[in-house]
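Shown below: start_20.cif, with mmCIF, C-alpha atoms and all ligand atoms.
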```
data_run
loop_
_atom_site.label_atom_id
_atom_site.label_comp_id
_atom_site.auth_asym_id
_atom_site.auth_seq_id
_atom_site.Cartn_x
_atom_site.Cartn_y
_atom_site.Cartn_z
CA MET A 1483 0.00 0.00 0.00
CA ALA A 1484 1.23 3.46 0.85
CA ALA A 1485 4.87 4.09 1.45
CA GLN A 1486 6.02 6.21 4.33
CA MET A 1487 5.74 9.90 3.50
CA SER A 1488 9.02 11.61 2.78
CA ASP A 1489 10.53 13.82 5.47
CA LYS A 1490 10.50 16.77 3.10
CA HIS A 1491 6.82 16.34 2.49
CA ILE A 1492 6.01 16.09 6.18
CA GLU A 1493 8.14 19.08 7.04
CA ALA A 1494 6.54 21.27 4.39
CA GLY A 1495 3.04 20.33 5.51
CA TYR A 1496 3.96 20.94 9.10
CA LEU A 1497 5.33 24.42 8.48
CA HIS A 1498 2.23 25.40 6.58
CA ALA A 1499 -0.06 24.02 9.29
CA LYS A 1500 1.95 25.63 12.05
CA ASP A 1501 1.36 29.04 10.48
CA ALA A 1502 -2.31 28.35 9.98
CA TYR A 1503 -2.72 27.55 13.69
CA ALA A 1504 -0.50 30.44 14.78
CA ALA A 1505 -2.95 32.77 13.03
CA PHE A 1506 -5.49 31.61 15.63
CA GLY A 1507 -2.97 31.99 18.44
CA VAL A 1508 -2.45 28.24 18.79
CA ASP A 1509 1.02 26.90 19.50
CA VAL A 1510 1.30 23.50 17.84
CA ALA A 1511 4.44 22.54 19.77
CA THR A 1512 2.56 22.87 23.06
CA ALA A 1513 -0.30 20.79 21.71
CA MET A 1514 2.06 17.97 20.72
CA GLU A 1515 3.88 18.18 24.03
CA VAL A 1516 0.64 17.85 26.02
CA LEU A 1517 -0.61 15.05 23.79
CA SER A 1518 2.55 13.00 24.33
CA GLY A 1519 1.86 12.98 28.07
CA VAL A 1520 -1.77 11.80 27.96
CA PRO A 1521 -1.96 8.07 28.62
CA VAL A 1522 -4.51 5.93 26.81
CA SER A 1523 -5.24 2.50 28.23
CA LEU A 1524 -5.48 -0.17 25.54
CA HIS A 1525 -7.74 -3.08 26.42
CA CYS A 1526 -6.01 -6.42 26.02
CA TRP A 1527 -9.27 -8.12 25.01
CA GLN A 1528 -9.28 -6.80 21.44
CA GLY A 1529 -6.41 -9.21 20.85
CA ASP A 1530 -8.32 -12.43 21.53
CA ASP A 1531 -12.02 -11.58 21.18
CA VAL A 1532 -12.61 -11.28 24.96
CA GLY A 1533 -11.61 -14.91 25.40
CA GLY A 1534 -9.08 -15.08 28.21
CA PHE A 1535 -6.92 -18.10 28.89
CA GLU A 1536 -8.85 -20.08 31.50
CA ASN A 1537 -10.42 -22.62 29.16
CA ILE A 1538 -13.66 -22.97 31.07
CA ASP A 1539 -17.05 -24.00 29.82
CA ALA A 1540 -19.65 -21.36 30.47
CA LEU A 1541 -22.93 -20.46 28.86
CA SER A 1542 -22.83 -16.87 29.88
CA GLY A 1543 -20.78 -14.54 27.77
CA GLY A 1544 -22.27 -11.80 29.90
CA GLY A 1545 -24.14 -10.17 27.08
CA ILE A 1546 -20.95 -9.23 25.27
CA GLN A 1547 -20.03 -10.97 22.10
CA ALA A 1548 -17.22 -10.64 19.62
CA THR A 1549 -18.43 -11.59 16.16
CA GLY A 1550 -16.26 -12.72 13.26
CA ASN A 1551 -13.58 -15.32 12.70
CA TYR A 1552 -10.65 -13.46 11.25
CA PRO A 1553 -7.66 -15.79 11.48
CA GLY A 1554 -4.70 -15.36 13.78
CA LYS A 1555 -6.07 -14.43 17.18
CA ALA A 1556 -3.75 -14.68 20.17
CA ARG A 1557 -4.00 -18.04 21.93
CA THR A 1558 -1.57 -17.55 24.78
CA PRO A 1559 -0.43 -14.68 27.00
CA ASP A 1560 2.87 -14.56 25.12
CA GLU A 1561 1.10 -14.24 21.77
CA LEU A 1562 -1.20 -11.58 23.16
CA ARG A 1563 1.73 -9.60 24.53
CA ARG A 1564 3.58 -9.88 21.26
CA ASP A 1565 0.53 -8.69 19.29
CA PHE A 1566 0.01 -5.85 21.73
CA GLU A 1567 3.61 -4.78 21.29
CA LYS A 1568 3.19 -4.76 17.53
CA ALA A 1569 0.09 -2.57 17.85
CA ALA A 1570 1.73 -0.28 20.41
CA SER A 1571 4.73 0.23 18.13
CA LEU A 1572 2.40 1.76 15.53
CA ILE A 1573 0.64 4.19 17.87
CA PRO A 1574 2.24 7.45 19.00
CA GLY A 1575 2.15 8.59 22.62
CA LYS A 1576 1.78 7.11 26.05
CA LYS A 1577 0.09 3.74 26.38
CA ARG A 1578 -1.19 1.59 29.23
CA ILE A 1579 -2.41 -1.99 29.16
CA ASN A 1580 -5.86 -2.84 30.49
CA LEU A 1581 -6.15 -6.42 31.68
CA HIS A 1582 -9.03 -8.64 32.75
CA ALA A 1583 -8.79 -11.23 35.52
CA MET A 1584 -9.42 -14.01 32.98
CA TYR A 1585 -5.95 -13.35 31.55
CA ALA A 1586 -4.28 -14.78 34.68
CA GLU A 1587 -1.24 -16.99 34.21
CA THR A 1588 -1.59 -19.95 36.53
CA GLY A 1589 1.00 -22.23 34.97
CA GLY A 1590 -1.66 -24.75 33.97
CA ALA A 1591 -3.16 -25.02 37.49
CA LYS A 1592 -6.86 -24.46 38.00
CA VAL A 1593 -7.24 -21.38 40.17
CA GLU A 1594 -10.76 -20.23 40.89
CA ARG A 1595 -11.44 -16.56 40.29
CA ASP A 1596 -12.06 -15.87 43.95
CA ALA A 1597 -8.58 -17.24 44.73
CA LEU A 1598 -6.58 -15.18 42.27
CA GLU A 1599 -3.51 -13.45 43.63
CA PRO A 1600 -0.98 -10.92 42.37
CA LYS A 1601 1.45 -13.77 41.64
CA HIS A 1602 -0.88 -14.95 38.87
CA PHE A 1603 -0.19 -11.67 37.10
CA ALA A 1604 3.55 -11.55 37.69
CA GLY A 1605 4.22 -12.24 34.02
CA TRP A 1606 2.05 -9.32 32.97
CA ILE A 1607 3.49 -7.01 35.61
CA ASP A 1608 7.11 -7.80 34.71
CA TRP A 1609 6.36 -7.34 31.05
CA ALA A 1610 4.54 -4.02 31.63
CA LYS A 1611 7.44 -2.81 33.73
CA SER A 1612 10.00 -3.71 31.09
CA ARG A 1613 7.96 -1.89 28.44
CA ASN A 1614 7.29 1.11 30.67
CA LEU A 1615 3.52 0.60 30.52
CA GLY A 1616 1.07 1.43 33.27
CA MET A 1617 -1.60 -1.21 33.85
CA ASP A 1618 -5.31 -1.22 34.62
CA PHE A 1619 -7.41 -4.12 35.74
CA ASN A 1620 -10.91 -5.65 35.75
CA PRO A 1621 -12.65 -8.43 37.63
CA THR A 1622 -14.16 -10.86 35.11
CA CYS A 1623 -17.77 -11.35 36.23
CA PHE A 1624 -18.90 -13.17 33.09
CA GLY A 1625 -17.92 -16.19 31.00
CA HIS A 1626 -18.08 -18.47 34.02
CA PRO A 1627 -20.50 -21.17 35.25
CA LYS A 1628 -21.32 -19.03 38.28
CA ALA A 1629 -22.48 -16.30 35.89
CA ASP A 1630 -24.63 -18.62 33.78
CA SER A 1631 -27.87 -17.42 35.42
CA GLY A 1632 -27.02 -13.94 34.18
CA PHE A 1633 -26.64 -12.61 37.71
CA THR A 1634 -23.43 -12.17 39.70
CA LEU A 1635 -23.13 -9.46 42.38
CA SER A 1636 -26.91 -9.03 42.43
CA ASN A 1637 -27.76 -12.72 42.40
CA TYR A 1638 -30.54 -13.81 44.77
CA ASP A 1639 -28.30 -16.70 45.83
CA ALA A 1640 -26.04 -15.50 48.66
CA GLY A 1641 -23.41 -18.13 47.84
CA ILE A 1642 -23.04 -16.93 44.27
CA ARG A 1643 -22.96 -13.32 45.36
CA SER A 1644 -20.22 -13.97 47.83
CA PHE A 1645 -18.15 -15.81 45.21
CA TRP A 1646 -18.23 -12.70 43.02
CA VAL A 1647 -17.65 -10.39 45.97
CA ASP A 1648 -14.55 -12.40 46.82
CA HIS A 1649 -13.44 -12.27 43.21
CA CYS A 1650 -13.74 -8.48 43.17
CA ILE A 1651 -11.88 -8.19 46.47
CA ALA A 1652 -9.11 -10.36 45.05
CA CYS A 1653 -8.97 -8.07 42.02
CA ARG A 1654 -8.56 -4.95 44.15
CA VAL A 1655 -5.64 -6.63 45.88
CA ILE A 1656 -4.15 -7.44 42.49
CA GLY A 1657 -4.77 -3.86 41.36
CA GLU A 1658 -2.92 -2.57 44.38
CA ALA A 1659 0.05 -4.87 43.68
CA VAL A 1660 0.07 -3.73 40.06
CA GLY A 1661 0.03 -0.06 41.01
CA ARG A 1662 2.77 -0.54 43.57
CA ALA A 1663 4.98 -2.48 41.16
CA LEU A 1664 4.55 -0.06 38.26
CA GLY A 1665 4.59 3.22 40.18
CA THR A 1666 1.33 4.46 38.69
CA PRO A 1667 -2.11 3.73 40.11
CA CYS A 1668 -4.06 0.87 38.59
CA VAL A 1669 -7.71 1.63 37.83
CA THR A 1670 -9.71 -1.47 38.72
CA ASN A 1671 -13.08 -1.32 37.01
CA ILE A 1672 -16.09 -3.37 38.00
CA TRP A 1673 -18.60 -4.22 35.32
CA ILE A 1674 -21.22 -6.92 35.78
CA PRO A 1675 -23.71 -8.22 33.23
CA ASP A 1676 -26.62 -8.67 35.65
CA GLY A 1677 -29.97 -8.14 34.05
CA PHE A 1678 -33.19 -9.58 32.64
CA LYS A 1679 -34.05 -10.39 29.05
CA ASP A 1680 -37.71 -9.72 29.63
CA ILE A 1681 -39.73 -7.38 31.76
CA PRO A 1682 -39.03 -7.92 35.44
CA VAL A 1683 -41.44 -7.48 38.30
CA ASP A 1684 -38.92 -6.59 40.95
CA ARG A 1685 -36.52 -3.94 39.76
CA LYS A 1686 -35.58 -2.96 43.28
CA THR A 1687 -34.20 -6.03 45.04
CA PRO A 1688 -31.34 -6.81 42.60
CA ARG A 1689 -30.17 -3.21 43.01
CA GLU A 1690 -30.30 -3.48 46.80
CA LEU A 1691 -28.28 -6.67 46.58
CA LEU A 1692 -25.79 -5.07 44.20
CA ARG A 1693 -25.33 -2.19 46.59
CA GLN A 1694 -24.69 -4.59 49.47
CA SER A 1695 -22.17 -6.54 47.41
CA LEU A 1696 -20.32 -3.39 46.40
CA ASP A 1697 -20.22 -2.21 50.00
CA ALA A 1698 -18.64 -5.54 50.95
CA ILE A 1699 -16.11 -5.25 48.11
CA PHE A 1700 -15.09 -1.71 49.03
CA ALA A 1701 -15.12 -2.27 52.81
CA ASN A 1702 -11.35 -2.69 52.85
CA PRO A 1703 -9.68 0.62 52.14
CA ILE A 1704 -6.91 0.37 49.58
CA ASP A 1705 -4.39 3.13 49.11
CA PRO A 1706 -5.51 5.21 46.10
CA LYS A 1707 -1.85 5.81 45.40
CA PHE A 1708 -1.84 2.26 44.03
CA ASN A 1709 -5.41 1.30 43.19
CA LEU A 1710 -8.41 3.34 42.10
CA ASP A 1711 -11.86 1.71 42.11
CA ALA A 1712 -14.30 2.34 39.30
CA VAL A 1713 -17.84 1.14 38.56
CA GLU A 1714 -19.34 0.83 35.06
CA SER A 1715 -23.01 1.06 34.14
CA LYS A 1716 -24.85 -0.24 31.11
CA LEU A 1717 -28.28 0.35 29.65
CA PHE A 1718 -28.85 -3.08 28.15
CA GLY A 1719 -26.96 -6.04 26.75
CA ILE A 1720 -27.62 -9.12 24.66
CA GLY A 1721 -29.95 -11.14 26.86
CA SER A 1722 -30.49 -8.25 29.27
CA GLU A 1723 -32.57 -6.04 27.01
CA SER A 1724 -35.29 -5.19 29.53
CA TYR A 1725 -33.39 -4.48 32.70
CA VAL A 1726 -29.82 -4.06 33.90
CA ALA A 1727 -29.27 -3.85 37.65
CA GLY A 1728 -26.19 -1.66 37.33
CA SER A 1729 -27.79 1.19 35.45
CA HIS A 1730 -26.37 4.68 35.03
CA GLU A 1731 -28.49 6.15 37.82
CA PHE A 1732 -27.49 3.31 40.11
CA TYR A 1733 -23.74 3.80 39.68
CA LEU A 1734 -23.84 7.58 39.49
CA GLY A 1735 -25.48 7.59 42.91
CA TYR A 1736 -23.05 4.99 44.17
CA ALA A 1737 -19.98 6.86 42.94
CA VAL A 1738 -21.17 10.13 44.48
CA GLU A 1739 -21.96 8.45 47.78
CA LYS A 1740 -18.82 6.33 48.07
CA GLY A 1741 -16.25 8.45 46.30
CA VAL A 1742 -15.28 5.79 43.78
CA LEU A 1743 -14.65 6.54 40.12
CA LEU A 1744 -17.52 6.36 37.67
CA THR A 1745 -16.92 4.67 34.33
CA LEU A 1746 -18.67 6.01 31.26
CA ASP A 1747 -18.71 3.56 28.36
CA ALA A 1748 -19.64 5.40 25.17
CA GLY A 1749 -21.67 2.41 23.99
CA HIS A 1750 -23.75 1.99 27.14
CA PHE A 1751 -26.44 4.59 26.66
CA HIS A 1752 -29.38 5.15 24.36
CA PRO A 1753 -28.16 4.99 20.76
CA THR A 1754 -28.35 8.74 20.24
CA GLU A 1755 -27.08 9.67 23.69
CA GLY A 1756 -23.42 10.74 23.88
CA ILE A 1757 -21.20 10.65 26.93
CA ALA A 1758 -19.38 13.90 26.14
CA ASP A 1759 -22.11 16.08 27.62
CA LYS A 1760 -22.16 14.08 30.85
CA ILE A 1761 -18.55 14.76 31.80
CA SER A 1762 -18.78 18.36 33.01
CA SER A 1763 -21.82 17.54 35.15
CA ILE A 1764 -20.46 14.41 36.75
CA LEU A 1765 -17.10 15.95 37.54
CA LEU A 1766 -18.89 18.47 39.75
CA TYR A 1767 -19.73 15.58 42.04
CA VAL A 1768 -17.12 12.84 41.59
CA ASP A 1769 -13.37 13.35 41.64
CA GLU A 1770 -12.38 11.23 38.69
CA LEU A 1771 -13.86 9.35 35.77
CA LEU A 1772 -12.81 6.35 33.73
CA LEU A 1773 -13.85 6.38 30.10
CA HIS A 1774 -14.45 3.30 28.02
CA VAL A 1775 -14.18 4.90 24.66
CA SER A 1776 -16.12 2.72 22.29
CA ARG A 1777 -18.58 3.03 19.41
CA GLY A 1778 -22.14 1.84 19.61
CA VAL A 1779 -23.82 0.66 16.41
CA ARG A 1780 -27.47 -0.40 16.76
CA TRP A 1781 -27.46 -2.94 19.56
CA ASP A 1782 -23.71 -3.43 19.69
CA SER A 1783 -21.77 -1.25 22.08
CA ASP A 1784 -18.25 -2.20 21.05
CA HIS A 1785 -17.37 -1.32 17.47
CA VAL A 1786 -13.84 -0.11 16.74
CA VAL A 1787 -13.47 3.56 17.59
CA ILE A 1788 -13.24 5.97 14.66
CA LEU A 1789 -12.70 9.71 14.39
CA SER A 1790 -16.39 10.49 14.70
CA ASP A 1791 -18.09 13.65 15.90
CA GLU A 1792 -18.85 11.82 19.15
CA LEU A 1793 -15.19 10.97 19.70
CA ARG A 1794 -14.14 14.53 18.95
CA ALA A 1795 -16.75 15.84 21.37
CA ILE A 1796 -15.35 13.63 24.14
CA ALA A 1797 -11.81 14.86 23.54
CA GLU A 1798 -12.99 18.47 23.41
CA GLU A 1799 -14.64 18.16 26.80
CA LEU A 1800 -11.46 16.79 28.37
CA VAL A 1801 -9.24 19.45 26.86
CA ARG A 1802 -11.47 22.52 27.03
CA HIS A 1803 -12.12 22.21 30.75
CA GLY A 1804 -8.71 20.97 31.83
CA PHE A 1805 -10.04 17.53 32.75
CA LEU A 1806 -7.16 15.48 31.36
CA ASN A 1807 -5.83 14.85 34.86
CA ARG A 1808 -9.21 13.77 36.27
CA VAL A 1809 -10.29 11.48 33.48
CA HIS A 1810 -8.63 8.16 32.75
CA ILE A 1811 -8.97 7.31 29.08
CA GLY A 1812 -9.54 3.63 28.40
CA LEU A 1813 -10.69 1.96 25.21
CA ASP A 1814 -13.28 -0.79 24.96
CA PHE A 1815 -14.00 -2.32 21.59
CA PHE A 1816 -13.57 -5.68 19.95
CA ASP A 1817 -13.99 -6.80 16.40
CA ALA A 1818 -13.16 -10.36 15.39
CA SER A 1819 -14.00 -9.83 11.72
CA ILE A 1820 -10.89 -7.80 10.87
CA ASN A 1821 -7.20 -7.99 11.69
CA ARG A 1822 -7.15 -7.52 15.46
CA ILE A 1823 -3.93 -5.55 15.54
CA ALA A 1824 -5.26 -3.20 12.88
CA ALA A 1825 -8.38 -2.78 15.04
CA TRP A 1826 -6.27 -1.73 18.02
CA VAL A 1827 -4.17 0.64 15.91
CA THR A 1828 -7.15 2.22 14.12
CA GLY A 1829 -9.12 2.79 17.31
CA THR A 1830 -6.24 4.08 19.38
CA ARG A 1831 -4.86 6.33 16.68
CA ALA A 1832 -8.38 7.76 16.30
CA MET A 1833 -8.44 8.54 20.02
CA MET A 1834 -5.04 10.21 19.83
CA LYS A 1835 -6.08 12.20 16.77
CA ALA A 1836 -9.22 13.42 18.51
CA LEU A 1837 -7.12 14.61 21.44
CA LEU A 1838 -4.72 16.38 19.10
CA ILE A 1839 -7.54 18.15 17.29
CA ALA A 1840 -8.96 19.29 20.62
CA LEU A 1841 -5.53 20.49 21.75
CA LEU A 1842 -5.19 22.50 18.55
CA GLU A 1843 -8.42 24.35 19.16
CA PRO A 1844 -8.29 28.10 19.92
CA THR A 1845 -10.52 27.51 22.93
CA ASP A 1846 -9.98 30.89 24.57
CA LEU A 1847 -11.01 32.67 21.43
CA LEU A 1848 -14.13 30.52 21.09
CA LYS A 1849 -15.08 31.11 24.72
CA GLN A 1850 -14.66 34.86 24.31
CA VAL A 1851 -16.92 34.86 21.30
CA GLU A 1852 -19.50 32.80 23.15
CA ARG A 1853 -19.43 34.95 26.27
CA ALA A 1854 -19.88 38.04 24.17
CA GLY A 1855 -23.08 36.50 22.89
CA ASP A 1856 -21.74 36.31 19.35
CA TYR A 1857 -23.33 33.03 18.37
CA THR A 1858 -22.98 33.83 14.70
CA GLY A 1859 -19.23 34.00 15.13
CA ARG A 1860 -19.18 30.86 17.27
CA LEU A 1861 -20.94 28.78 14.65
CA ALA A 1862 -18.87 30.17 11.80
CA LEU A 1863 -15.59 29.62 13.63
CA LEU A 1864 -16.41 26.09 14.77
CA GLU A 1865 -17.27 25.21 11.21
CA GLU A 1866 -14.09 26.71 9.75
CA LEU A 1867 -11.92 24.96 12.32
CA LYS A 1868 -13.08 21.60 11.02
CA THR A 1869 -10.94 21.97 7.92
CA MET A 1870 -7.80 23.20 9.62
CA PRO A 1871 -4.76 21.13 8.58
CA PHE A 1872 -4.49 18.98 11.70
CA GLY A 1873 -3.45 16.01 9.53
CA ALA A 1874 -0.11 17.68 8.84
CA ILE A 1875 0.51 18.13 12.57
CA TRP A 1876 -0.53 14.53 13.15
CA ASP A 1877 1.97 13.26 10.56
CA TYR A 1878 4.73 15.36 12.05
CA TYR A 1879 3.85 14.14 15.55
CA CYS A 1880 3.88 10.50 14.43
CA ARG A 1881 7.29 10.91 12.87
CA LYS A 1882 8.58 12.66 15.97
CA GLN A 1883 7.27 9.78 18.08
CA GLY A 1884 8.96 7.26 15.83
CA VAL A 1885 5.83 5.57 14.49
CA PRO A 1886 4.71 5.29 10.86
CA THR A 1887 3.00 8.30 9.30
CA GLY A 1888 -0.16 8.14 7.27
CA VAL A 1889 -1.43 4.68 6.46
CA ALA A 1890 2.10 3.21 6.29
CA TRP A 1891 1.39 1.38 9.57
CA LEU A 1892 -0.94 -0.91 7.65
CA ASP A 1893 1.97 -2.33 5.63
CA ASP A 1894 3.61 -3.23 8.90
CA VAL A 1895 0.48 -4.98 10.17
CA ARG A 1896 0.14 -6.89 6.89
CA GLN A 1897 3.74 -8.05 7.13
CA TYR A 1898 3.18 -9.19 10.72
CA GLU A 1899 0.07 -11.03 9.59
CA LYS A 1900 2.14 -12.89 7.03
CA ASP A 1901 5.08 -13.60 9.31
CA VAL A 1902 3.27 -14.33 12.57
CA LEU A 1903 -0.53 -14.46 12.55
CA ALA A 1904 -0.89 -16.68 9.49
CA LYS A 1905 1.24 -19.34 11.15
CA ARG A 1906 -1.15 -19.73 14.08
CA GLY A 1907 -3.29 -22.84 13.70
C1 LIG B 2001 -19.34 -4.66 28.72
C2 LIG B 2001 -18.49 -3.60 29.30
C3 LIG B 2001 -17.16 -4.05 29.80
C4 LIG B 2001 -16.51 -5.06 28.89
C5 LIG B 2001 -15.10 -5.40 29.27
C6 LIG B 2001 -14.60 -6.63 28.61
O1 LIG B 2001 -20.45 -4.18 28.09
O2 LIG B 2001 -18.32 -2.56 28.40
O3 LIG B 2001 -16.35 -2.96 30.04
O4 LIG B 2001 -16.51 -4.65 27.56
O5 LIG B 2001 -14.98 -5.47 30.64
ZN ZN B 2002 -16.90 -1.01 28.89
#
```

Once you've parsed the file, please lay out its structure as structure tokens.
Ligand code: RNT
Ligand code: ZN
Amino acid sequence: MAAQMSDKHIEAGYLHAKDAYAAFGVDVATAMEVLSGVPVSLHCWQGDDVGGFENIDALSGGGIQATGNYPGKARTPDELRRDFEKAASLIPGKKRINLHAMYAETGGAKVERDALEPKHFAGWIDWAKSRNLGMDFNPTCFGHPKADSGFTLSNYDAGIRSFWVDHCIACRVIGEAVGRALGTPCVTNIWIPDGFKDIPVDRKTPRELLRQSLDAIFANPIDPKFNLDAVESKLFGIGSESYVAGSHEFYLGYAVEKGVLLTLDAGHFHPTEGIADKISSILLYVDELLLHVSRGVRWDSDHVVILSDELRAIAEELVRHGFLNRVHIGLDFFDASINRIAAWVTGTRAMMKALLIALLEPTDLLKQVERAGDYTGRLALLEELKTMPFGAIWDYYCRKQGVPTGVAWLDDVRQYEKDVLAKRG
């Protein structure tokens, strides 16, 4: 496909773009500098279709499903790490790895999820350390026989509830060990699938039970220097179309009351409802947010992220209001119908691009115009800014960061597919 752009070409485009932004009072060097310090947490589960390495038989996928059978998915932790490294090498900027409990390395031994310990993640921690990656973590409350009823932390059965409570407690301990080892706090995010396919009679009791379970999980204080707790809502899932116990209202109230982080997954709201507009409200009441940047399409909440208006709006909110240090950016998508490494690269580069575009915005100027009541000017300016030459800054930034410019990264992925992925059985 496309060859790498020549240095001369990139330089010329950059100089032109730099002037264009300077005319609006925007310093492109500052924008690139800020961008290079914003971490984005890449979810490991794009690499193996949310499979994990436990090899257990379970009916319940938890209402999340990767569709497609593109060849070459990672079958072992080593393969997944190698694929992740390939993807990371094609994405500029600061990256973290987001892991699920089902990616434990137990050396072939059967270790129940409520008995997981930091040592089962030593391989991941050592690897992250050697690659200078921060790490985030998630209890896996799905894809397990004890989740087959569709209910985990809000199950009517006290025994099942306590199994999942213990699993989540174990995960916070692992999160703390991760944060301590890597010198950057681990965000441990709880998402559960609990819900009903059809119209329930009792909407209240599962929520009371969920609240009790969460209280039990968070009873032990853990130093936020090492582990930050987050809770993630959802509107509906496959098989939980009529009711989800952990709704947005439920977790918003919980996060405000308990001081934990709230997770906003872009695909977990009504199809036309964006998360961008929620951020400035919620941050009045909770200290920090975790984002699961994703793309909902019809009933699926996890398409590969693209540079959409919605994505740009999210980035704008973070940048315009100085929220980059209160919002942890995580990605959450999975597509098994295309090359998985290309999926990671496409989605993460889109996130980085959206941040760059937001950082290149003459926000002060726009705010002045708005405060002066000049809505004509606001609309006209916002529209003109859309065709500013951010692509030239992006190319320059990629080159500066030592990753391929333009679509040249795709050649690299195709080569890797030939050399590595195609040889997997
Ligand atoms: C599911 C949630 C959750 C998962 C991951 C695998 O709808 O979005 O975040 O995607 O935990
Ligand atoms: Zn999510």

**OP:** For Arg1689 of chain A, work out the shell of residues within 8 Å, counting only C-alpha atoms and skipping chain neighbours fewer than 5 positions away, then give it as a ChimeraX atom specification.
**Re:** /A:1636,1727-1728,1732

**OP:** Point out the residue among A:Glu1799, A:Asp1747, A:Asp1893, A:Asp1769 with the least atom-to-atom distance to ligand LIG 2001 (chain B), counting all atoms listed in the file.
**Re:** A:Asp1747

Original post:
Which chains and residue numbers are within 8 Å of ligand LIG 2001 (chain B), counting all atoms listed in the file, if I want them as a PyMOL selection string?
Top reply: chain A and resi 1527+1532+1544-1546+1582+1620-1622+1671-1675+1714+1716+1719+1747+1749-1750+1774+1783-1784+1814-1815

Expected file: the selected residues, C-alpha atoms, as a short mmCIF file (atom, residue, chain, number, x, y, z; two decimals), in the frame of the given file:
```cif
data_model
loop_
_atom_site.label_atom_id
_atom_site.label_comp_id
_atom_site.auth_asym_id
_atom_site.auth_seq_id
_atom_site.Cartn_x
_atom_site.Cartn_y
_atom_site.Cartn_z
CA TRP A 1527 -9.27 -8.12 25.01
CA VAL A 1532 -12.61 -11.28 24.96
CA GLY A 1544 -22.27 -11.80 29.90
CA GLY A 1545 -24.14 -10.17 27.08
CA ILE A 1546 -20.95 -9.23 25.27
CA HIS A 1582 -9.03 -8.64 32.75
CA ASN A 1620 -10.91 -5.65 35.75
CA PRO A 1621 -12.65 -8.43 37.63
CA THR A 1622 -14.16 -10.86 35.11
CA ASN A 1671 -13.08 -1.32 37.01
CA ILE A 1672 -16.09 -3.37 38.00
CA TRP A 1673 -18.60 -4.22 35.32
CA ILE A 1674 -21.22 -6.92 35.78
CA PRO A 1675 -23.71 -8.22 33.23
CA GLU A 1714 -19.34 0.83 35.06
CA LYS A 1716 -24.85 -0.24 31.11
CA GLY A 1719 -26.96 -6.04 26.75
CA ASP A 1747 -18.71 3.56 28.36
CA GLY A 1749 -21.67 2.41 23.99
CA HIS A 1750 -23.75 1.99 27.14
CA HIS A 1774 -14.45 3.30 28.02
CA SER A 1783 -21.77 -1.25 22.08
CA ASP A 1784 -18.25 -2.20 21.05
CA ASP A 1814 -13.28 -0.79 24.96
CA PHE A 1815 -14.00 -2.32 21.59
#
```

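Closest approach to ligand ZN 2002 (chain B) among A:Tyr1878, A:Phe1506, A:Trp1609, A:Phe1816 is made by A:Phe1816 (distances from all atoms listed in the file).
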
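Each of A:Ala1494, A:Leu1746, A:Ala1825, A:Leu1541 was checked against Leu1734 of chain A using all atoms listed in the file; the smallest atom-to-atom distance is that of A:Leu1746.
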
Original post:
Do you know which residues lie at most 12 Å from (0.3, 9.4, 23.1), with coordinates as in the file and only C-alpha atoms counted, and could you write them as an MDAnalysis selection string?
Top reply: chainID A and resid 1513:1524 1570:1578 1615 1811 1830:1838 1876 1879:1880 1882:1885

Original post:
Which residues come within 9 Å of segment 1595-1608 of chain A, counting all atoms listed in the file, excluding same-chain residues fewer than 6 positions away, as a ChimeraX atom specification?
Top reply: /A:1559,1563,1581,1583-1589,1617,1621-1622,1645-1653,1655-1660,1663-1664

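Considering the residues A:Arg1564, A:Lys1760, A:Arg1693, A:His1785 and counting all atoms listed in the file, ligand ZN 2002 (chain B) has its shortest atom-to-atom contact with A:His1785.
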
**OP:** Select, from A:Ala1610, A:Leu1842, A:Val1713, A:Ile1823, the residue with the minimum atom-to-atom distance to Pro1553 of chain A, counting all atoms listed in the file.
**Re:** A:Ile1823

Original post:
From the set A:Leu1710, A:Leu1841, A:Ala1904, A:Ala1511, which residue has the shortest atom-to-atom contact distance to Glu1770 of chain A, counting all atoms listed in the file?
Top reply: A:Leu1710

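For Asp1817 of chain A, the non-local neighbours within 9 Å, defined as residues at least 3 positions apart in the same chain or in other chains and counting all atoms listed in the file, are Gln1528, Asp1531, Ala1548, Thr1549, Gly1550, Asp1784, His1785, Val1786, Ile1820, Asn1821, Arg1822 and Ala1825 of chain A.
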
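For the pair atom CA of His1810 of chain A and atom CA of Ile1788 of chain A, the separation is 18.8 Å.
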
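We find atom CA of Leu1892 of chain A and atom CA of Ala1824 of chain A to be spaced 7.2 Å apart.
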
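A straight line drawn from atom CA of Ile1720 of chain A to atom CA of Thr1687 of chain A is 21.6 Å long.
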
Original post:
Neighbours of Ala1840 of chain A within 8 Å (all atoms listed in the file; same-chain residues fewer than 5 positions away dropped), as a ChimeraX atom specification?
Top reply: /A:1794,1797-1798,1801-1802

**OP:** Name all residues at most 10 Å from Ser1762 of chain A (count only C-alpha atoms; drop same-chain ones fewer than 4 positions away) and give them as a ChimeraX atom specification.
**Re:** /A:1758,1766-1767,1799-1800,1803,1805

Keeping only C-alpha atoms, write the selected residues as a compact mmCIF listing (two decimals), keeping the file's coordinate frame.
```txt
# COMPACT_ATOMS: atom_id res chain seq x y z
CA ALA A 1758 -19.38 13.90 26.14
CA LEU A 1766 -18.89 18.47 39.75
CA TYR A 1767 -19.73 15.58 42.04
CA GLU A 1799 -14.64 18.16 26.80
CA LEU A 1800 -11.46 16.79 28.37
CA HIS A 1803 -12.12 22.21 30.75
CA PHE A 1805 -10.04 17.53 32.75
```
